[in-house]
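File shown: structure-v4.pdb (PDB, C-alpha atoms).
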```pdb
ATOM      1  CA  MET F  22       4.443  37.807  34.729
ATOM      2  CA  GLN F  23       7.707  39.663  34.112
ATOM      3  CA  ARG F  24      10.505  38.473  31.837
ATOM      4  CA  TYR F  25      12.721  36.946  34.549
ATOM      5  CA  ASP F  26      10.030  35.737  36.965
ATOM      6  CA  ARG F  27      10.196  32.150  35.715
ATOM      7  CA  LEU F  28      13.963  32.045  36.116
ATOM      8  CA  ARG F  29      13.568  33.236  39.708
ATOM      9  CA  TYR F  30      11.075  30.416  40.278
ATOM     10  CA  ILE F  31      13.401  27.855  38.675
ATOM     11  CA  ARG F  32      16.138  28.891  41.095
ATOM     12  CA  THR F  33      13.896  27.923  44.017
ATOM     13  CA  LEU F  34      13.716  24.321  42.747
ATOM     14  CA  ASP F  35      16.154  21.449  43.239
ATOM     15  CA  PRO F  36      17.897  20.496  39.945
ATOM     16  CA  ALA F  37      18.270  16.890  41.090
ATOM     17  CA  LYS F  38      14.789  16.321  42.501
ATOM     18  CA  ASP F  39      12.833  18.665  40.222
ATOM     19  CA  HIS F  40      14.766  18.069  36.999
ATOM     20  CA  LEU F  41      11.687  17.213  34.913
ATOM     21  CA  GLU F  42       9.815  20.352  35.956
ATOM     22  CA  ILE F  43      12.841  22.570  35.382
ATOM     23  CA  TYR F  44      13.657  21.001  32.022
ATOM     24  CA  ARG F  45      10.046  21.304  30.882
ATOM     25  CA  LEU F  46       9.890  24.972  31.925
ATOM     26  CA  THR F  47      13.161  25.698  30.151
ATOM     27  CA  ALA F  48      12.489  23.784  26.931
ATOM     28  CA  ALA F  49       8.764  24.474  26.482
ATOM     29  CA  LEU F  50       8.368  27.971  27.951
ATOM     30  CA  GLU F  51      11.684  29.796  28.173
ATOM     31  CA  PHE F  52      13.456  28.595  25.005
ATOM     32  CA  PRO F  53      11.205  26.447  22.777
ATOM     33  CA  TRP F  54      12.608  27.767  19.465
ATOM     34  CA  ASP F  55      16.192  27.571  20.692
ATOM     35  CA  TYR F  56      15.754  24.058  22.027
ATOM     36  CA  THR F  57      14.337  22.908  18.696
ATOM     37  CA  ARG F  58      17.280  24.338  16.771
ATOM     38  CA  ALA F  59      19.818  23.116  19.335
ATOM     39  CA  LEU F  60      18.484  19.548  19.408
ATOM     40  CA  GLU F  61      18.503  19.496  15.604
ATOM     41  CA  LEU F  62      22.164  20.496  15.763
ATOM     42  CA  ALA F  63      22.823  17.976  18.533
ATOM     43  CA  LEU F  64      21.577  15.064  16.435
ATOM     44  CA  TYR F  65      23.347  16.414  13.365
ATOM     45  CA  ARG F  66      26.687  16.496  15.215
ATOM     46  CA  THR F  67      26.457  12.777  15.872
ATOM     47  CA  TYR F  68      26.736  12.001  12.141
ATOM     48  CA  ALA F  69      30.368  13.178  12.263
ATOM     49  CA  VAL F  70      31.226  10.107  14.348
ATOM     50  CA  PRO F  71      31.734   7.582  11.509
ATOM     51  CA  SER F  72      30.267   4.605  13.380
ATOM     52  CA  ILE F  73      27.048   6.588  13.924
ATOM     53  CA  GLY F  74      26.835   8.301  10.546
ATOM     54  CA  ARG F  75      27.606   5.086   8.668
ATOM     55  CA  LEU F  76      24.911   3.115  10.489
ATOM     56  CA  LEU F  77      22.336   5.838   9.837
ATOM     57  CA  ALA F  78      23.235   5.728   6.139
ATOM     58  CA  GLU F  79      22.922   1.941   6.020
ATOM     59  CA  THR F  80      19.424   2.005   7.505
ATOM     60  CA  ALA F  81      18.413   4.586   4.843
ATOM     61  CA  GLU F  82      16.133   6.262   7.387
ATOM     62  CA  LEU F  83      17.897   9.616   7.094
ATOM     63  CA  THR F  84      18.599   9.461   3.378
ATOM     64  CA  GLU F  85      15.370   8.040   1.909
ATOM     65  CA  ARG F  86      12.818   8.892   4.627
ATOM     66  CA  THR F  87      14.442  11.992   6.057
ATOM     67  CA  GLN F  88      11.287  13.891   6.994
ATOM     68  CA  LYS F  89       9.745  10.845   8.681
ATOM     69  CA  ARG F  90      12.895  10.161  10.675
ATOM     70  CA  TYR F  91      13.021  13.815  11.750
ATOM     71  CA  ASP F  92       9.358  13.776  12.767
ATOM     72  CA  ASP F  93       9.526  10.496  14.650
ATOM     73  CA  THR F  94      12.681  11.389  16.559
ATOM     74  CA  SER F  95      11.263  14.758  17.594
ATOM     75  CA  LEU F  96       7.907  13.322  18.626
ATOM     76  CA  LEU F  97       9.319  10.423  20.631
ATOM     77  CA  LEU F  98      11.672  12.652  22.598
ATOM     78  CA  ASP F  99       8.911  15.240  22.968
ATOM     79  CA  ALA F 100       6.491  12.718  24.471
ATOM     80  CA  VAL F 101       8.827  12.133  27.404
ATOM     81  CA  VAL F 102       9.344  15.863  27.988
ATOM     82  CA  GLU F 103       5.625  16.640  27.846
ATOM     83  CA  HIS F 104       4.298  13.678  29.828
ATOM     84  CA  GLY F 105       7.208  12.541  31.980
ATOM     85  CA  PHE F 106       8.885   9.210  32.640
ATOM     86  CA  ASP F 107       6.035   7.670  34.621
ATOM     87  CA  HIS F 108       3.153   8.603  32.307
ATOM     88  CA  GLU F 109       1.834   6.024  29.854
ATOM     89  CA  GLN F 110       2.825   8.138  26.851
ATOM     90  CA  GLY F 111       6.332   8.711  28.181
ATOM     91  CA  ARG F 112       6.830   5.005  28.919
ATOM     92  CA  THR F 113       5.555   4.064  25.475
ATOM     93  CA  ALA F 114       7.967   6.517  23.806
ATOM     94  CA  ILE F 115      10.917   5.075  25.727
ATOM     95  CA  ARG F 116       9.901   1.516  24.810
ATOM     96  CA  ARG F 117       9.763   2.516  21.145
ATOM     97  CA  ILE F 118      13.196   4.150  21.343
ATOM     98  CA  ASN F 119      14.675   1.108  23.061
ATOM     99  CA  ARG F 120      13.158  -1.415  20.654
ATOM    100  CA  MET F 121      14.631   0.440  17.686
ATOM    101  CA  HIS F 122      18.095   0.845  19.198
ATOM    102  CA  ARG F 123      18.290  -2.783  20.295
ATOM    103  CA  SER F 124      17.815  -3.893  16.697
ATOM    104  CA  TYR F 125      21.172  -2.368  15.754
ATOM    105  CA  ASP F 126      24.736  -2.981  16.854
ATOM    106  CA  ILE F 127      25.319   0.342  18.643
ATOM    107  CA  SER F 128      28.089   0.655  21.219
ATOM    108  CA  ASN F 129      27.428   1.998  24.688
ATOM    109  CA  ASP F 130      30.017   4.708  24.038
ATOM    110  CA  ASP F 131      28.138   5.956  20.971
ATOM    111  CA  MET F 132      24.830   5.906  22.837
ATOM    112  CA  ARG F 133      26.338   7.846  25.724
ATOM    113  CA  TYR F 134      27.849  10.392  23.328
ATOM    114  CA  VAL F 135      24.472  11.016  21.650
ATOM    115  CA  LEU F 136      22.952  11.596  25.089
ATOM    116  CA  CYS F 137      25.752  14.072  25.859
ATOM    117  CA  THR F 138      24.864  16.139  22.799
ATOM    118  CA  PHE F 139      21.310  16.579  24.143
ATOM    119  CA  VAL F 140      22.720  18.079  27.347
ATOM    120  CA  VAL F 141      25.636  20.156  26.094
ATOM    121  CA  VAL F 142      24.648  21.492  22.674
ATOM    122  CA  PRO F 143      21.463  23.269  23.884
ATOM    123  CA  LYS F 144      23.373  25.069  26.650
ATOM    124  CA  ARG F 145      26.080  26.211  24.250
ATOM    125  CA  TRP F 146      23.493  27.335  21.700
ATOM    126  CA  ILE F 147      21.399  29.230  24.265
ATOM    127  CA  ASP F 148      24.435  30.854  25.875
ATOM    128  CA  ARG F 149      25.412  32.152  22.441
ATOM    129  CA  TYR F 150      22.051  32.920  20.824
ATOM    130  CA  GLY F 151      19.300  32.817  23.455
ATOM    131  CA  TRP F 152      17.583  35.797  25.038
ATOM    132  CA  ARG F 153      19.545  35.014  28.208
ATOM    133  CA  ARG F 154      22.153  32.483  29.220
ATOM    134  CA  LEU F 155      21.129  29.158  30.708
ATOM    135  CA  SER F 156      21.367  29.179  34.489
ATOM    136  CA  ARG F 157      23.363  26.632  36.490
ATOM    137  CA  HIS F 158      20.059  25.244  37.815
ATOM    138  CA  GLU F 159      18.823  24.656  34.258
ATOM    139  CA  ALA F 160      22.084  23.089  33.087
ATOM    140  CA  GLU F 161      22.215  20.691  36.033
ATOM    141  CA  ALA F 162      18.513  19.858  35.653
ATOM    142  CA  ALA F 163      19.113  19.013  31.985
ATOM    143  CA  ALA F 164      21.983  16.751  33.019
ATOM    144  CA  ALA F 165      19.768  15.030  35.616
ATOM    145  CA  TYR F 166      16.902  14.706  33.106
ATOM    146  CA  TYR F 167      19.089  12.989  30.524
ATOM    147  CA  ARG F 168      20.777  10.821  33.145
ATOM    148  CA  THR F 169      17.278   9.569  33.939
ATOM    149  CA  LEU F 170      16.509   9.023  30.264
ATOM    150  CA  GLY F 171      19.843   7.275  29.831
ATOM    151  CA  ARG F 172      19.064   4.883  32.685
ATOM    152  CA  HIS F 173      15.709   4.049  31.091
ATOM    153  CA  MET F 174      17.599   3.313  27.874
ATOM    154  CA  GLY F 175      20.101   1.051  29.613
ATOM    155  CA  ILE F 176      23.113   3.264  28.876
ATOM    156  CA  GLN F 177      26.039   2.527  31.184
ATOM    157  CA  ASP F 178      28.632   4.824  32.829
ATOM    158  CA  LEU F 179      26.535   7.966  32.580
ATOM    159  CA  PRO F 180      28.166  11.311  33.481
ATOM    160  CA  GLU F 181      27.279  12.584  36.940
ATOM    161  CA  ASP F 182      26.682  16.283  36.226
ATOM    162  CA  TYR F 183      26.775  18.915  33.482
ATOM    163  CA  ALA F 184      30.560  19.346  33.621
ATOM    164  CA  ALA F 185      31.030  15.592  33.198
ATOM    165  CA  PHE F 186      28.600  15.525  30.249
ATOM    166  CA  GLU F 187      30.564  18.359  28.643
ATOM    167  CA  GLU F 188      33.919  16.665  29.143
ATOM    168  CA  CYS F 189      32.527  13.395  27.774
ATOM    169  CA  LEU F 190      31.238  15.126  24.639
ATOM    170  CA  ASP F 191      34.411  17.107  23.955
ATOM    171  CA  SER F 192      36.774  14.185  24.497
ATOM    172  CA  TYR F 193      34.636  11.849  22.374
ATOM    173  CA  GLU F 194      34.524  14.310  19.500
ATOM    174  CA  ARG F 195      38.286  14.881  19.644
ATOM    175  CA  ALA F 196      38.854  11.143  19.485
ATOM    176  CA  HIS F 197      36.173  10.116  16.996
ATOM    177  CA  PHE F 198      35.169  12.932  14.620
ATOM    178  CA  GLY F 199      36.294  11.995  11.133
ATOM    179  CA  TRP F 200      35.452  11.587   7.475
ATOM    180  CA  ASP F 201      33.103   8.891   6.265
ATOM    181  CA  GLU F 202      31.531   8.964   2.815
ATOM    182  CA  LYS F 203      28.269   7.405   3.977
ATOM    183  CA  ALA F 204      28.011   9.811   6.888
ATOM    184  CA  ARG F 205      28.396  12.682   4.423
ATOM    185  CA  THR F 206      25.316  11.444   2.527
ATOM    186  CA  VAL F 207      23.332  11.587   5.780
ATOM    187  CA  SER F 208      24.578  15.109   6.409
ATOM    188  CA  ASP F 209      23.652  16.230   2.883
ATOM    189  CA  ALA F 210      20.174  14.696   3.207
ATOM    190  CA  THR F 211      19.626  16.511   6.494
ATOM    191  CA  LEU F 212      20.709  19.865   5.046
ATOM    192  CA  ASN F 213      18.388  19.283   2.077
ATOM    193  CA  LEU F 214      15.522  18.515   4.449
ATOM    194  CA  MET F 215      16.026  21.752   6.360
ATOM    195  CA  ALA F 216      16.120  23.714   3.116
ATOM    196  CA  SER F 217      12.894  22.017   1.951
ATOM    197  CA  TRP F 218      10.943  23.694   4.754
ATOM    198  CA  TYR F 219      11.243  27.044   2.954
ATOM    199  CA  PRO F 220      10.568  28.332  -0.586
ATOM    200  CA  LYS F 221      12.776  26.513  -3.100
ATOM    201  CA  PRO F 222      14.634  29.624  -4.392
ATOM    202  CA  LEU F 223      15.992  30.137  -0.876
ATOM    203  CA  ALA F 224      17.575  26.672  -0.659
ATOM    204  CA  PRO F 225      21.181  27.686  -1.552
ATOM    205  CA  LEU F 226      21.047  30.617   0.858
ATOM    206  CA  LEU F 227      19.663  28.446   3.655
ATOM    207  CA  ARG F 228      22.354  25.826   3.133
ATOM    208  CA  THR F 229      25.043  28.503   3.401
ATOM    209  CA  ALA F 230      23.384  29.947   6.496
ATOM    210  CA  THR F 231      23.243  26.532   8.155
ATOM    211  CA  LEU F 232      26.914  25.834   7.418
ATOM    212  CA  ALA F 233      27.790  29.264   8.840
ATOM    213  CA  LEU F 234      26.410  28.134  12.206
ATOM    214  CA  LEU F 235      28.627  25.030  12.343
ATOM    215  CA  ASP F 236      32.019  24.913  14.055
ATOM    216  CA  ASP F 237      35.229  24.044  12.215
ATOM    217  CA  PRO F 238      35.686  20.466  13.558
ATOM    218  CA  LEU F 239      32.190  19.585  12.342
ATOM    219  CA  LEU F 240      32.731  21.170   8.928
ATOM    220  CA  ASP F 241      36.086  19.414   8.616
ATOM    221  CA  ALA F 242      34.624  16.018   9.492
ATOM    222  CA  PHE F 243      32.176  16.310   6.581
ATOM    223  CA  ARG F 244      34.760  18.035   4.313
ATOM    224  CA  TYR F 245      32.575  21.054   3.730
ATOM    225  CA  ASP F 246      34.172  24.305   2.628
ATOM    226  CA  HIS F 247      34.255  26.796   5.461
ATOM    227  CA  PRO F 248      31.889  29.742   5.006
ATOM    228  CA  GLY F 249      33.644  33.082   4.770
ATOM    229  CA  PRO F 250      34.020  35.393   7.774
ATOM    230  CA  LEU F 251      31.359  37.764   6.442
ATOM    231  CA  ALA F 252      28.777  34.978   6.049
ATOM    232  CA  ARG F 253      29.475  33.784   9.578
ATOM    233  CA  ARG F 254      29.193  37.261  11.057
ATOM    234  CA  VAL F 255      25.935  37.996   9.261
ATOM    235  CA  VAL F 256      24.235  34.672  10.051
ATOM    236  CA  ARG F 257      25.379  34.405  13.646
ATOM    237  CA  GLY F 258      24.640  38.075  14.228
ATOM    238  CA  ALA F 259      21.110  37.624  12.887
ATOM    239  CA  VAL F 260      20.428  34.715  15.270
ATOM    240  CA  ARG F 261      21.813  36.739  18.194
ATOM    241  CA  LEU F 262      19.610  39.648  17.181
ATOM    242  CA  ARG F 263      16.580  37.361  17.319
ATOM    243  CA  GLY F 264      17.485  36.469  20.897
ATOM    244  CA  ARG F 265      17.696  40.131  21.867
ATOM    245  CA  ALA F 266      14.299  40.760  20.301
ATOM    246  CA  VAL F 267      12.753  37.868  22.255
ATOM    247  CA  ARG F 268      14.115  39.384  25.468
ATOM    248  CA  LEU F 269      11.909  42.429  24.856
ATOM    249  CA  MET F 270       8.763  40.350  24.372
ATOM    250  CA  SER F 271       6.310  39.242  27.029
ATOM    251  CA  PRO F 272       7.180  35.828  28.498
ATOM    252  CA  ARG F 273       5.428  32.806  27.061
ATOM    253  CA  VAL F 274       2.602  31.541  29.280
ATOM    254  CA  VAL F 275       1.472  28.521  27.224
ATOM    255  CA  PRO F 276       4.055  25.728  26.770
ATOM    256  CA  HIS F 277       5.156  24.957  23.239
ATOM    257  CA  TYR F 278       6.160  21.357  22.559
ATOM    258  CA  ALA F 279       8.001  19.906  19.591
ATOM    259  CA  ARG F 280       4.808  18.312  18.252
ATOM    260  CA  GLN F 281       3.557  21.864  17.579
ATOM    261  CA  ASN F 282       6.531  22.811  15.412
ATOM    262  CA  PRO F 283       5.761  23.548  11.737
ATOM    263  CA  GLU F 284       8.750  21.392  10.757
ATOM    264  CA  ILE F 285       6.782  18.293  11.829
ATOM    265  CA  LYS F 286       4.984  17.543   8.563
ATOM    266  CA  GLY F 287       4.303  13.810   8.429
ATOM    267  CA  TYR F 288       1.240  13.519  10.665
ATOM    268  CA  PRO F 289      -1.403  16.086   9.672
ATOM    269  CA  ASP F 290      -4.138  13.806  11.047
ATOM    270  CA  GLY F 291      -2.359  12.994  14.301
ATOM    271  CA  TYR F 292      -0.276  10.016  15.418
ATOM    272  CA  ARG F 293       0.026   7.309  18.054
ATOM    273  CA  VAL F 294       3.305   7.228  19.954
ATOM    274  CA  ALA F 295       3.403   3.411  19.771
ATOM    275  CA  GLU F 296       3.448   3.566  15.965
ATOM    276  CA  LEU F 297       6.281   6.090  15.606
ATOM    277  CA  GLY F 298       9.718   5.090  14.390
ATOM    278  CA  THR F 299      10.896   2.025  12.523
ATOM    279  CA  PHE F 300      10.147  -1.659  12.979
ATOM    280  CA  PRO F 301      13.397  -3.433  11.971
ATOM    281  CA  VAL F 302      13.376  -7.142  11.212
ATOM    282  CA  PRO F 303      13.775  -9.015  14.527
ATOM    283  CA  GLY F 304      17.050 -10.804  15.071
ATOM    284  CA  VAL F 305      19.024  -9.003  12.382
ATOM    285  CA  ARG F 306      21.885  -7.008  13.867
ATOM    286  CA  GLY F 307      23.996  -4.267  12.366
ATOM    287  CA  CYS F 308      22.003  -3.523   9.239
ATOM    288  CA  PRO F 309      18.386  -4.648   9.563
ATOM    289  CA  VAL F 310      15.781  -4.048   6.914
ATOM    290  CA  PRO F 311      13.836  -0.895   7.870
ATOM    291  CA  HIS F 312      10.143  -0.355   7.271
ATOM    292  CA  GLN F 313       8.517   2.955   6.431
ATOM    293  CA  ALA F 314       5.514   2.160   8.602
ATOM    294  CA  ALA F 315       4.469  -0.579  10.936
ATOM    295  CA  PRO F 316       3.186  -3.606   9.023
ATOM    296  CA  GLU F 317      -0.337  -4.679   9.836
ATOM    297  CA  GLY F 318       0.964  -7.459  12.050
ATOM    298  CA  ARG F 319       2.839  -4.918  14.125
ATOM    299  CA  ALA F 320      -0.284  -2.952  14.979
ATOM    300  CA  THR F 321      -1.043  -5.482  17.710
ATOM    301  CA  GLU F 322       2.504  -5.170  19.014
ATOM    302  CA  ALA F 323       2.260  -1.372  19.017
ATOM    303  CA  ALA F 324      -1.027  -1.490  20.890
ATOM    304  CA  ALA F 325       0.502  -3.862  23.428
ATOM    305  CA  GLU F 326       3.323  -1.374  24.069
ATOM    306  CA  GLU F 327       0.795   1.205  25.159
ATOM    307  CA  ASN F 328      -0.966  -1.116  27.630
TER     308      ASN F 328
END
```

Go ahead and render the structure in this file as C-alpha cells.
Amino acid sequence: MQRYDRLRYIRTLDPAKDHLEIYRLTAALEFPWDYTRALELALYRTYAVPSIGRLLAETAELTERTQKRYDDTSLLLDAVVEHGFDHEQGRTAIRRINRMHRSYDISNDDMRYVLCTFVVVPKRWIDRYGWRRLSRHEAEAAAAYYRTLGRHMGIQDLPEDYAAFEECLDSYERAHFGWDEKARTVSDATLNLMASWYPKPLAPLLRTATLALLDDPLLDAFRYDHPGPLARRVVRGAVRLRGRAVRLMSPRVVPHYARQNPEIKGYPDGYRVAELGTFPVPGVRGCPVPHQAAPEGRATEAAAEEN
C-alpha cells in the first residue's frame, strides 16, 4: 500500500452512507495520533463555556478524578468508533453516555456545541499539523458520524453538514466563551494531568508547550498569559514537523484505537464498557453526588445495560 492509496479509496465512498467506515479509516488508520490530540483539545475547549466548565467543576470528576474521567470519556467514545452504532458494545457505550448526561441539567445548546467540537476541532488540527489535510469526504463523513451520534443522544437541531457544524461552533464560542473561576480549576487540573504523563521535571515545559498550541480566545477565557511568539513558533513548528515526518513513513495497516493509547492508565487489567463513567444519584439534578466506581448494587444495572 502506498501513502495516498487509502485516501483514494475513501474518495470512492459515500460520506453520508459510509460515514462510519470513512470515519474509522480516518481516525484509526490515517490520523490516530492527531485524532487523539484533537479530541483532547475539543473537550478542553468546552470548559471555556462557563455553564459547561462550572458543571464539570461541581461534579469534581475532572478535578479530583481527572485520569479516570479522561480514561472513561476516551473509552466510551472509542467503543462506538470501533464497534459501530448497532453493535452491542457501541449501544452499551451510548447508553452509558446518555445515563450520565441525563443526571445533570445540561442544555441542548451546550450538548450540541460539545458535539460540534468533535467535528470541527479535529479537521482544523489535522489541516494545520497532520501529514496531509483532511479531505472533503472525510470532513463530511465526520459530520454525518456525529449527527448520528447526536441523534442517539437525543440532541435536537443538529447541523446538517460540516459547514453548519463549523458555523455553530464559531458562533457559540463568540457568544459564550468567558471567565469562570470554577472552569479555570477544571482547566488547570486537565493541564496537570497531561503533564503527569511525562517525567516530572518536564512538567513546566509541557504546560508551556500546551498553552502555545491554544488560540487567543481560549487563553483569554481562562485568563492565561499568552505564550511568547518564539514559544509558539517552536512548539507549533515541532508538531508540523512531526506531520511531515509521518508523511514519509509507510501507511498504517493495523487500526489504532483510543483504548490502545498509553495515556489510558486506569484499566491495566481491562474494563467493561457498562461499568465506565459515573453513576450519579438518581433524581438529583444539576449537581448530583458522583461515585468513583459503580457501587455493588449497580453491577446488576451495568450488566443489564449490556443485554

Would you write out, as a PyMOL selection string, every residue that the PyMOL selection byres ((chain F and resi 167) around 10) captures in this file? chain F and resi 40-41+44+136-137+139-140+161-166+168-173+179-180+186

Could you take the residues named above and write them with C-alpha atoms, as a JSON list (two decimals), in the frame of the given file?
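Generated output (selection03.json):
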```json
[["chain", "number", "residue", "atom", "x", "y", "z"],
["F", 40, "HIS", "CA", 14.77, 18.07, 37.00],
["F", 41, "LEU", "CA", 11.69, 17.21, 34.91],
["F", 44, "TYR", "CA", 13.66, 21.00, 32.02],
["F", 136, "LEU", "CA", 22.95, 11.60, 25.09],
["F", 137, "CYS", "CA", 25.75, 14.07, 25.86],
["F", 139, "PHE", "CA", 21.31, 16.58, 24.14],
["F", 140, "VAL", "CA", 22.72, 18.08, 27.35],
["F", 161, "GLU", "CA", 22.22, 20.69, 36.03],
["F", 162, "ALA", "CA", 18.51, 19.86, 35.65],
["F", 163, "ALA", "CA", 19.11, 19.01, 31.98],
["F", 164, "ALA", "CA", 21.98, 16.75, 33.02],
["F", 165, "ALA", "CA", 19.77, 15.03, 35.62],
["F", 166, "TYR", "CA", 16.90, 14.71, 33.11],
["F", 168, "ARG", "CA", 20.78, 10.82, 33.15],
["F", 169, "THR", "CA", 17.28, 9.57, 33.94],
["F", 170, "LEU", "CA", 16.51, 9.02, 30.26],
["F", 171, "GLY", "CA", 19.84, 7.28, 29.83],
["F", 172, "ARG", "CA", 19.06, 4.88, 32.68],
["F", 173, "HIS", "CA", 15.71, 4.05, 31.09],
["F", 179, "LEU", "CA", 26.54, 7.97, 32.58],
["F", 180, "PRO", "CA", 28.17, 11.31, 33.48],
["F", 186, "PHE", "CA", 28.60, 15.52, 30.25]]
```

List every residue of stretch 35-97 of chain F that has an atom at most 12 Å from any atom of stretch 223-244 of chain F, and for each one report the closest atom pair and its distance in Å to one decimal, counting only C-alpha atoms, with rows sorted by chain and then by increasing residue number, as a tab-separated table.
```
residue	atom	partner	partner_atom	distance
F:Arg58	CA	F:Thr231	CA	10.7
F:Ala59	CA	F:Leu234	CA	10.9
F:Glu61	CA	F:Thr231	CA	11.3
F:Leu62	CA	F:Leu235	CA	8.6
F:Ala63	CA	F:Leu235	CA	11.0
F:Tyr65	CA	F:Leu239	CA	9.4
F:Arg66	CA	F:Leu239	CA	6.9
F:Thr67	CA	F:Leu239	CA	9.6
F:Tyr68	CA	F:Phe243	CA	8.9
F:Ala69	CA	F:Ala242	CA	5.8
F:Val70	CA	F:Ala242	CA	8.4
F:Pro71	CA	F:Ala242	CA	9.1
F:Gly74	CA	F:Phe243	CA	10.4
```

Find, counting all atoms listed in the file, the residue in F:Glu82, F:Glu103, F:Glu296, F:Asp178 that gets nearest to F:His277.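 Counting all atoms listed in the file, the residue closest to F:His277 is F:Glu103.
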
So, counting all atoms listed in the file, which residue among F:Met132, F:Ala78, F:Val141, F:Met215 is closest to F:Ala184?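 The closest residue to F:Ala184 is F:Val141.
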
Of the listed residues F:Arg205, F:Arg195, F:Lys286, F:Arg90, that which approaches F:Trp218 most closely, counting all atoms listed in the file: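 The closest residue to F:Trp218 is F:Lys286.
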
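Residues in contact with F:Arg154 at up to 12 Å, not including ones fewer than 3 positions away on its chain and judged by all atoms listed in the file, are Tyr25, Leu28, Thr47, Glu51, Phe52, Asp55, Pro143, Lys144, Arg145, Trp146, Ile147, Asp148, Arg149, Tyr150, Gly151, Arg157, His158, Glu159, Ala160, Arg261, Gly264, Arg265 and Arg268 of chain F.
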
Please report, as AutoDock Vina command-line options, the centre and edge lengths in Å to one decimal of an axis-aligned box covering all listed atoms of stretch 109-122 of chain F with 6 Å per side.
```
--center_x 10.0 --center_y 3.6 --center_z 23.8 --size_x 28.3 --size_y 22.1 --size_z 24.2
```

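In this comparison, which uses all atoms listed in the file, the residue of F:Val294, F:Ile31, F:Met270, F:Leu155 approaching F:Tyr56 most closely is F:Leu155.
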
Have a look at F:Asp99, F:Thr94, F:Tyr245, F:Arg32 and name the one nearest to F:Gln281; count only C-alpha atoms. F:Asp99

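Straight-line separation from atom CA of F:Arg117 to atom CA of F:Ser95: 12.8 Å.
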
Between atom CA of F:Leu46 and atom CA of F:His108, what is the distance, to one decimal in Å?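 Computed distance, atom CA of F:Leu46 to atom CA of F:His108, equals 17.7 Å.
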
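Using all atoms listed in the file for every distance, the candidate list F:Lys203, F:Arg153, F:Arg123, F:His197 yields F:Arg123 as the residue closest to F:Gly175.
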
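When atom CA of F:Asp182 is paired with atom CA of F:Pro36, their separation reads 10.4 Å.
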
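Selection result for the displayed file, with the PyMOL selection byres ((chain F and resi 115) around 9) as criterion, is F:Leu97, F:Leu98, F:Ala100, F:Val101, F:Phe106, F:Gln110, F:Gly111, F:Arg112, F:Thr113, F:Ala114, F:Arg116, F:Arg117, F:Ile118, F:Asn119, F:Arg120, F:Leu170, F:His173, F:Met174.
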
Write the selection just made, keeping C-alpha atoms, as a PDB file, in the frame of the given file?
```pdb
ATOM      1  CA  LEU F  97       9.319  10.423  20.631  1.00  0.00           C
ATOM      2  CA  LEU F  98      11.672  12.652  22.598  1.00  0.00           C
ATOM      3  CA  ALA F 100       6.491  12.718  24.471  1.00  0.00           C
ATOM      4  CA  VAL F 101       8.827  12.133  27.404  1.00  0.00           C
ATOM      5  CA  PHE F 106       8.885   9.210  32.640  1.00  0.00           C
ATOM      6  CA  GLN F 110       2.825   8.138  26.851  1.00  0.00           C
ATOM      7  CA  GLY F 111       6.332   8.711  28.181  1.00  0.00           C
ATOM      8  CA  ARG F 112       6.830   5.005  28.919  1.00  0.00           C
ATOM      9  CA  THR F 113       5.555   4.064  25.475  1.00  0.00           C
ATOM     10  CA  ALA F 114       7.967   6.517  23.806  1.00  0.00           C
ATOM     11  CA  ARG F 116       9.901   1.516  24.810  1.00  0.00           C
ATOM     12  CA  ARG F 117       9.763   2.516  21.145  1.00  0.00           C
ATOM     13  CA  ILE F 118      13.196   4.150  21.343  1.00  0.00           C
ATOM     14  CA  ASN F 119      14.675   1.108  23.061  1.00  0.00           C
ATOM     15  CA  ARG F 120      13.158  -1.415  20.654  1.00  0.00           C
ATOM     16  CA  LEU F 170      16.509   9.023  30.264  1.00  0.00           C
ATOM     17  CA  HIS F 173      15.709   4.049  31.091  1.00  0.00           C
ATOM     18  CA  MET F 174      17.599   3.313  27.874  1.00  0.00           C
TER      19      MET F 174
END
```

Let me know the residues the PyMOL selection byres ((chain F and resi 274) around 12) catches in the file above, as a ChimeraX atom specification. /F:22-24,26-27,46,49-51,53,270-273,275-277
